[in-house]
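Just below is one structure, and these are the notes that go with it.
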Amino acid sequence: MRAASDLAFLDAVETAARIKSGEISAREAVDAAIARAEALEPTINAIASKSFDRARENAANVRGPWAGVPTFVKDLDDVVGEPSGFGSRAFPGYKGKEQTPLINAFLALGVMSLGKSTTPEFGLTATTEPLSTGKTRNPWNTEYSTGGSSGGAAALVAAGVVPIAHASDGGGSIRIPSACCGNVGLKVSKRRYPDARDDPVGPIGLSVHGVQSRTVRDTAAVVAAMEVPPETSGLPPVGLVTASSKRRLRIAMFTRGAAGRPVHAEVVAAAEQAALLCQGLGHSVDQIEVPFDKDVEDAFLLYWAAMAHAIVTTWESVTKLKRNGLAFEPLTLGLVEHFEARRADLPAAIVRLEAVRPQYDAMFSSADVLLSPVLAAPPVKLGWLDVRVDFPEALERLLNYAQFTGLYNVVGAPAISLPLATAKSRLPIGVMFGARVGDERTLLELSYEIEEASPWSGRRPPHFGGAV
């Protein structure tokens with residue numbers, strides 16, 4: 001068997017193929033990933049809880065197309081028999097008794113969960129620095145954030161601990177950490193995958209699930225394996241996308257955020273370089289202005305705060321305790337207070353968010369794909385988005401930073417982050433491509449073409465694979 005550090009270079013598709021051929025066993029793949037985890041976890045702090053022994057025991061009997069491929073599940077979802085902390089101190093010792101259809105479908109691929117990956121409290125912010133598990137560190141530079149809320153998953157994949165990891169995205173939480181850690185991160189259309197959980201607030205349904213990966217083909221394979229039938233989703237099927245298309249696309253690029261907030265020159269330059277790359281491949285690119293104003297941002301923020309309120313009040317109802325600073329973080333409590341002060345505005349906010357979809361659809365009368373930054377700045381240092389920063393300042397920083405991704409959650413459309421640039425700090429910068437609702441195929445075909453034209457597979461962070 002190749003050394004554990006060598007197996008780190010394989011993506012999930014290749015790992016599964018080698019297990020199926022008998023070149024390595026599922027147990028060997030799991031053992032190698034555990035060795036890498038043990039070597040790298042003291043540096044990146046990306047594991048919320050470990051189930052190494054369970055994974056070893058189950059490896060011999062696992063079935064599925066990716067039988068034996070090691071992975072982690074984000075700690076916002078229950079896996080029966082494993083602890084769930086939700087990035088919070090409010091649930092000590094909790095273990096879920098059932099899994100969502102989404103987690104069932106993911107594990108049915110045959111992937112072997114080695115445990116839970118870290119996340120900010122309830123996935124509410126764009127960095128992974130919860131008080132419960134501490135700061136998750138970027139394998140490119142451990143003084144910097146991995147993004148959030150799938151920050152632990154992104155770090156584990158970028159560092160080569162596992163080739164793929166479960167993630168979720170309610171406002172950018174797959175794409176943001178992908179951009180920060182140099183991964184591929186696709187947010188699929190709403191209803192593309194089996195239901196994860198009901199939205200506790202209203203009809204918008206912001207959150208979808210997916211993976212962190214290092215290759216387009218891994219992400220494409222997950223879509224093909226997990227998408228539900230068209231009669232269930234109401235979406236056109238994607239199928240297995242394995243290559244680019246000869247179709248030339250009309251790409252509309254924007255680099256100004258929806259609320260007109262400042263955008264760092266380095267991420268603008270990254271988007272512009274991606275546009276030049278696409279033009280060189282024969283696609284047309286036109287600059288546009290996104291027709292969404294600050295009222296959309298305000299409505300999204302209120303809906304986001306309402307989700308925090310629903311979580312905390314449910315906890316109060318179940319535990320018969322009052323919310324407090326020992327159980328919940330200052331940012332979470334600040335969002336709850338923000339909602340309570342504006343509760344009467346929620347119906348109007350929902351109406352405003354629902355009105356975005358027709359505006360979004362109209363953009364595709366003259367375009368096939370949208371191109372923009374993922375974030376308004378390169379990855380930030382740990383502490384800049386710390387949950388203990390005074391709430392008004394923390395909120396302003398968060399809104400300034402994550403101003404491009406939420407649009408796709410509001411309308412339920414697909415968008416993908418690709419690792420196409422490097423900041424002066426030598427950290428990755430992601431570029432985002434979005435498409436019509438249900439048109440993941442176009443995004444994946446374009447992503448294959450871009451990956452071939454500007455490959456990133458040779459770029460590895462300083463903390464990769466582990467010294468095994």
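By order of appearance in the structure tokens: chains A, B, ..., then residues from 1 within every chain, and ligands from 1 in the order shown.
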If we count only C-alpha atoms and set the cut-off at 6 Å, which residues sit around stretch 449-465 of chain A, ignoring sequence neighbours fewer than 4 positions away in its own chain? Please answer as a PyMOL selection string. chain A and resi 5+8+36+139-140+159-160+244
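Residues in contact with stretch 89-99 of chain A at up to 6 Å, not including ones fewer than 6 positions away on its chain and judged by only C-alpha atoms, are Asp78, Val79, Val80, Glu82, Pro83, Ser132 and Ala327 of chain A.
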Show me a table, sorted first by chain and then by increasing residue number, of the residues of stretch 238-327 of chain A having an atom at most 12 Å from stretch 168-182 of chain A, each with its shortest atom pair and the distance in Å to one decimal, counting only C-alpha atoms and written as a Markdown table.
```
| residue | atom | partner | partner_atom | distance |
| --- | --- | --- | --- | --- |
| A:Val267 | CA | A:Ala179 | CA | 10.6 |
| A:Ala270 | CA | A:Ala179 | CA | 11.5 |
| A:Glu297 | CA | A:Gly171 | CA | 11.5 |
| A:Phe300 | CA | A:Gly171 | CA | 9.2 |
| A:Leu301 | CA | A:Gly171 | CA | 10.2 |
| A:Tyr303 | CA | A:Gly171 | CA | 11.0 |
| A:Trp304 | CA | A:Gly171 | CA | 8.8 |
| A:Met307 | CA | A:Gly170 | CA | 10.6 |
```
Find the residues around A:Gly123 up to 8 Å (only C-alpha atoms counted), leave out those fewer than 4 positions away in its own chain, and share them as a ChimeraX atom specification. /A:76,86-87,119,148-150,173
Pick out each residue of stretch 146-237 of chain A that DSSP on the backbone tags as alpha helix (DSSP H); I need them as an MDAnalysis selection string. chainID A and resid 151:158 175:181 216:226 230:233
Quick one: pick out all strand (DSSP E or B) residues within stretch 249-441 of chain A from a backbone DSSP run and write them as a ChimeraX atom specification. /A:250-253,284-287,369-373,381,415-422,428-434
